[in-house]
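*Asks:* Below are the structure tokens for one structure; questions will follow.
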Amino acid sequence: MIYNTFAIPATADRYLSVSDKQELLEIIKNGTLVKAPFFILGGGSNIVFTCHYHGTILHPENKGIHLVEKDPATGDLLVEAAAGENWDGFVQHCIAQGWHGTENLAAIPGTVGAAPVQNVGAYGIEAKDIVHTVLTIDLATGQERTFTNEECCFGYRNSIFKDTLKGKYLVWSVTFRLHSTFTPDLHYKALSDALTAEGIDMPTARQLADTIAKVRWSKLPRPEETGSAGSFFKNPIVTTQHYERLKTDYPDIVAYPTVDGYKLAAGWLIEHAGWKGRSMGRCGVYEKQALVLVNRGGCTGSEVVTLANAITEDIKNQFGVTLEKEAIII
């Protein structure tokens, strides 16, 4: 079975699926994770395998979603979900139960455990906006540790689990702060425009999630149909001075103000550099969204890296901007 959405065949010295804590504790106790390198694999939706992995692939597959607490005064809810749960499945379950706050994150491939690690985001919402706590297992000692939202040190597509604590803890479950009443977050223009086009002024939770899924799959490839790792590059942040220079040369450049300057739309840069729809070998840039690299059929990880590097070099030369990969290269 291929455990990555780019559909690239990959092998490893050892693959270990973990569905309960005792299994994980036995793996830690017998020293498997200190004898050789290891990699924690979630849904495989942002991974590019380039060669045989000389180590252990650790794959959490624990399941379970339950309501932990409800505040009758505020309607706030605490909902815990196991790391191995499918992310969109979790979103759909929450909507069905009347637990609100996840709707803008519908249709994102991956697992619950990966959501806080990556700080997944879409349509104006990020995981950091709804994560309450993250229960982890120390992979050196087997001890449990709970991280608060603040302790997760969330950043743009980043967290402490990708940074200073990378490889030290395995996310076992995530508790989310949700709401029993639904208040749609429509401040993201593309989303409000899509709802207007559907003739929906005030969407229900289901209508909002369905519209988001429709918009997403209108411009992104479905993993079961076309191999990809979703958005391959992060949207780069540049200084205000750099943005103003680019704005002079490219008046239609897409950018958003941030506390550090301006966040540029990487897809816009790639498209305007002429890469949209192009291919190198069996890897190409998706015709509907330049931010996505796709498997044209039989693609290898090395071909993906070659294309990504060519794009990165071209963007640097044309715009003076360095693109950072969002996809993880193994």
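For the structure tokens, the naming scheme is as follows: chains receive sequential letters (A, B, ...) according to their order of presentation, residues are indexed from 1 within each chain, and ligands are indexed from 1 in presentation order.
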If we count only C-alpha atoms, what is near Tyr3 (chain A) at a cut-off of 9 Å, once residues fewer than 2 positions away on the same chain are taken out, given as a list in words?

*Replies:*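 In the requested format, the answer is Met1, Thr5, Phe6, Ala7, Ile8, Pro9, Ala10, Leu41, Gly42, Gly43, Gly44 and Ser45 of chain A.
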
*Asks:* Set the distance at 8 Å and use only C-alpha atoms: which residues neighbour Ile108 (chain A) once local chain neighbours fewer than 2 positions away are removed? I'd like the list as a PyMOL selection string.

*Replies:* chain A and resi 87-88+105-106+110

*Asks:* Next, the residues of the selection above should be written as a PDB file, in the first residue's frame with N, CA and C atoms.

*Replies:*
```pdb
ATOM      1  N   TRP A  87      -8.715  13.797   9.045  1.00  0.00           N
ATOM      2  CA  TRP A  87      -9.082  15.168   9.397  1.00  0.00           C
ATOM      3  C   TRP A  87     -10.459  15.551   8.876  1.00  0.00           C
ATOM      4  N   ASP A  88     -10.719  15.343   7.598  1.00  0.00           N
ATOM      5  CA  ASP A  88     -12.021  15.753   7.070  1.00  0.00           C
ATOM      6  C   ASP A  88     -13.142  14.921   7.681  1.00  0.00           C
ATOM      7  N   LEU A 105     -12.125  24.479   7.638  1.00  0.00           N
ATOM      8  CA  LEU A 105     -11.005  23.564   7.412  1.00  0.00           C
ATOM      9  C   LEU A 105     -11.475  22.247   6.790  1.00  0.00           C
ATOM     10  N   ALA A 106     -12.650  22.273   6.183  1.00  0.00           N
ATOM     11  CA  ALA A 106     -13.185  21.078   5.530  1.00  0.00           C
ATOM     12  C   ALA A 106     -12.358  20.716   4.301  1.00  0.00           C
ATOM     13  N   GLY A 110      -5.332  14.578   5.222  1.00  0.00           N
ATOM     14  CA  GLY A 110      -4.436  14.401   6.349  1.00  0.00           C
ATOM     15  C   GLY A 110      -5.150  13.861   7.571  1.00  0.00           C
TER      16      GLY A 110
END
```

*Asks:* So that I can check the surroundings of Phe39 (chain A), please list as a list in words every protein, DNA and RNA residue that reaches within 9 Å of it, counting only C-alpha atoms and ignoring chain neighbours fewer than 3 positions away.

*Replies:*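 Surrounding residues, per the criterion: Tyr53, Gly55, Thr56, Ile57, Leu58, His59 and Gly167 of chain A.
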
*Asks:* Any idea what's packed within 7 Å of His66 (chain A), counting only C-alpha atoms, ignoring anything in its chain fewer than 6 positions away? Could you give it as a list of chain:residue names?

*Replies:*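 In the requested form, the answer reads A:Val79, A:Glu80, A:Ala81.
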
*Asks:* Just to be explicit: take each residue in the selection above, keep C-alpha atoms, and write the result as a compact mmCIF listing (two decimals), in the first residue's frame.

*Replies:*
```txt
# COMPACT_ATOMS: atom_id res chain seq x y z
CA VAL A 79 -13.85 17.88 21.86
CA GLU A 80 -10.99 15.35 21.84
CA ALA A 81 -10.00 13.48 18.69
```

*Asks:* Do you have the CA of Thr148 (chain A)-CA of Leu135 (chain A) distance handy?

*Replies:*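 CA of Leu135 (chain A) lies 9.0 Å from CA of Thr148 (chain A).
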
*Asks:* May I have all residues of region 184-316 of chain A that DSSP, computed from the backbone, assigns to helix (DSSP H, G or I), given as an MDAnalysis selection string?

*Replies:* chainID A and resid 189:197 205:219 240:249 266:272 301:316

*Asks:* Using only C-alpha atoms, which residues sit within 7 Å of Thr300 (chain A) once same-chain residues fewer than 2 positions away are excluded, as a ChimeraX atom specification?

*Replies:* /A:8,50,298,302-304

*Asks:* Selected residues, all heavy atoms, written as a PDB file, in the first residue's frame, please.

*Replies:*
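Heads up, here's the output in result-v3.pdb:
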```pdb
ATOM      1  N   ILE A   8       3.740   8.090  -4.880  1.00  0.00           N
ATOM      2  CA  ILE A   8       5.095   7.672  -5.230  1.00  0.00           C
ATOM      3  C   ILE A   8       5.423   6.420  -4.428  1.00  0.00           C
ATOM      4  O   ILE A   8       5.415   6.450  -3.191  1.00  0.00           O
ATOM      5  CB  ILE A   8       6.116   8.785  -4.903  1.00  0.00           C
ATOM      6  CG1 ILE A   8       5.857  10.004  -5.782  1.00  0.00           C
ATOM      7  CG2 ILE A   8       7.541   8.287  -5.091  1.00  0.00           C
ATOM      8  CD1 ILE A   8       6.709  11.209  -5.433  1.00  0.00           C
ATOM      9  N   THR A  50      11.843  10.375  -1.787  1.00  0.00           N
ATOM     10  CA  THR A  50      12.798  10.412  -2.901  1.00  0.00           C
ATOM     11  C   THR A  50      13.671   9.167  -2.964  1.00  0.00           C
ATOM     12  O   THR A  50      14.358   8.948  -3.965  1.00  0.00           O
ATOM     13  CB  THR A  50      13.711  11.643  -2.779  1.00  0.00           C
ATOM     14  OG1 THR A  50      14.438  11.571  -1.541  1.00  0.00           O
ATOM     15  CG2 THR A  50      12.901  12.933  -2.828  1.00  0.00           C
ATOM     16  N   GLY A 298       3.668   7.767 -12.898  1.00  0.00           N
ATOM     17  CA  GLY A 298       4.963   7.122 -12.716  1.00  0.00           C
ATOM     18  C   GLY A 298       6.055   8.053 -12.229  1.00  0.00           C
ATOM     19  O   GLY A 298       7.251   7.757 -12.373  1.00  0.00           O
ATOM     20  N   SER A 302      12.598  12.137  -7.038  1.00  0.00           N
ATOM     21  CA  SER A 302      13.694  12.939  -7.581  1.00  0.00           C
ATOM     22  C   SER A 302      13.192  13.901  -8.654  1.00  0.00           C
ATOM     23  O   SER A 302      13.665  15.047  -8.750  1.00  0.00           O
ATOM     24  CB  SER A 302      14.778  12.024  -8.172  1.00  0.00           C
ATOM     25  OG  SER A 302      15.365  11.236  -7.151  1.00  0.00           O
ATOM     26  N   GLU A 303      12.224  13.470  -9.451  1.00  0.00           N
ATOM     27  CA  GLU A 303      11.654  14.352 -10.466  1.00  0.00           C
ATOM     28  C   GLU A 303      10.901  15.518  -9.824  1.00  0.00           C
ATOM     29  O   GLU A 303      10.933  16.642 -10.323  1.00  0.00           O
ATOM     30  CB  GLU A 303      10.722  13.544 -11.382  1.00  0.00           C
ATOM     31  CG  GLU A 303      11.462  12.621 -12.331  1.00  0.00           C
ATOM     32  CD  GLU A 303      10.512  11.768 -13.169  1.00  0.00           C
ATOM     33  OE1 GLU A 303       9.716  11.021 -12.576  1.00  0.00           O
ATOM     34  OE2 GLU A 303      10.576  11.867 -14.416  1.00  0.00           O
ATOM     35  N   VAL A 304      10.234  15.239  -8.711  1.00  0.00           N
ATOM     36  CA  VAL A 304       9.526  16.308  -7.994  1.00  0.00           C
ATOM     37  C   VAL A 304      10.525  17.348  -7.501  1.00  0.00           C
ATOM     38  O   VAL A 304      10.327  18.558  -7.662  1.00  0.00           O
ATOM     39  CB  VAL A 304       8.730  15.735  -6.802  1.00  0.00           C
ATOM     40  CG1 VAL A 304       8.057  16.865  -6.031  1.00  0.00           C
ATOM     41  CG2 VAL A 304       7.690  14.728  -7.282  1.00  0.00           C
TER      42      VAL A 304
END
```

*Asks:* Counting only C-alpha atoms, figure out which residue out of A:Thr111, A:Thr175, A:Thr196, A:Asn235 gets nearest to Val254 (chain A).

*Replies:* A:Asn235

*Asks:* Using only C-alpha atoms, find the one residue out of A:Leu264, A:Ala327, A:Val18, A:Leu291 that sits nearest to Ala229 (chain A).

*Replies:*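 Comparing A:Leu264, A:Ala327, A:Val18, A:Leu291 against Ala229 (chain A), the winner is A:Ala327.
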
*Asks:* Skip Thr204 (chain A) itself and residues of its chain fewer than 5 positions away, then list as a list in words all residues within 10 Å of it, counting only C-alpha atoms.

*Replies:* Ile95, Glu103, Phe182, Thr183, Pro184, Ala209 and Asp210 of chain A

*Asks:* Considering only C-alpha atoms, state which residue in the set A:Ala213, A:Cys94, A:Ala308, A:Ile330 is at the smallest distance from Pro109 (chain A).

*Replies:* A:Ala213

*Asks:* List the neighbours of Leu323 (chain A) out to 9 Å using only C-alpha atoms; skip same-chain residues closer than 6 positions along the sequence, and give me the result as a list in words.

*Replies:*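 That gives Phe233, Lys234, Asn235, Pro236, Ala266, Ile311, Thr312, Glu313, Ile315 and Lys316 of chain A.
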
*Asks:* As a PyMOL selection string, list the residues of region 45-139 of chain A assigned to strand (DSSP E) by DSSP on the backbone atoms of this structure.

*Replies:* chain A and resi 47-48+53-60+65-70+76-82+121-122+125-126+131-138

*Asks:* Please, what distance in Å, to one decimal, runs between CA of Ile130 (chain A) and CA of Gly101 (chain A)?

*Replies:*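 Between these atoms lies a distance of 6.9 Å.
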
*Asks:* Given the choices A:Glu126, A:Phe38, A:Lys219, A:Gly227, which gets closest to Ile2 (chain A) if the distance is worked out from only C-alpha atoms?

*Replies:* A:Gly227

*Asks:* Which value, in Å to one decimal, gives the distance between CA of Phe161 (chain A) and CA of Glu326 (chain A)?

*Replies:* 14.8 Å

*Asks:* Counting only C-alpha atoms, which residue out of A:Thr258, A:Ser173, A:Gln207, A:Gln143 sits closest to Lys29 (chain A)?

*Replies:*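 Going through A:Thr258, A:Ser173, A:Gln207, A:Gln143 one by one, the smallest distance to Lys29 (chain A) is for A:Gln143.
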
*Asks:* From the options A:Thr136, A:Ser17, A:Asn295, A:Ser159, which residue's atoms come nearest to Val120 (chain A), counting only C-alpha atoms?

*Replies:*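 Using only C-alpha atoms, Val120 (chain A) sits closest to A:Ser159.
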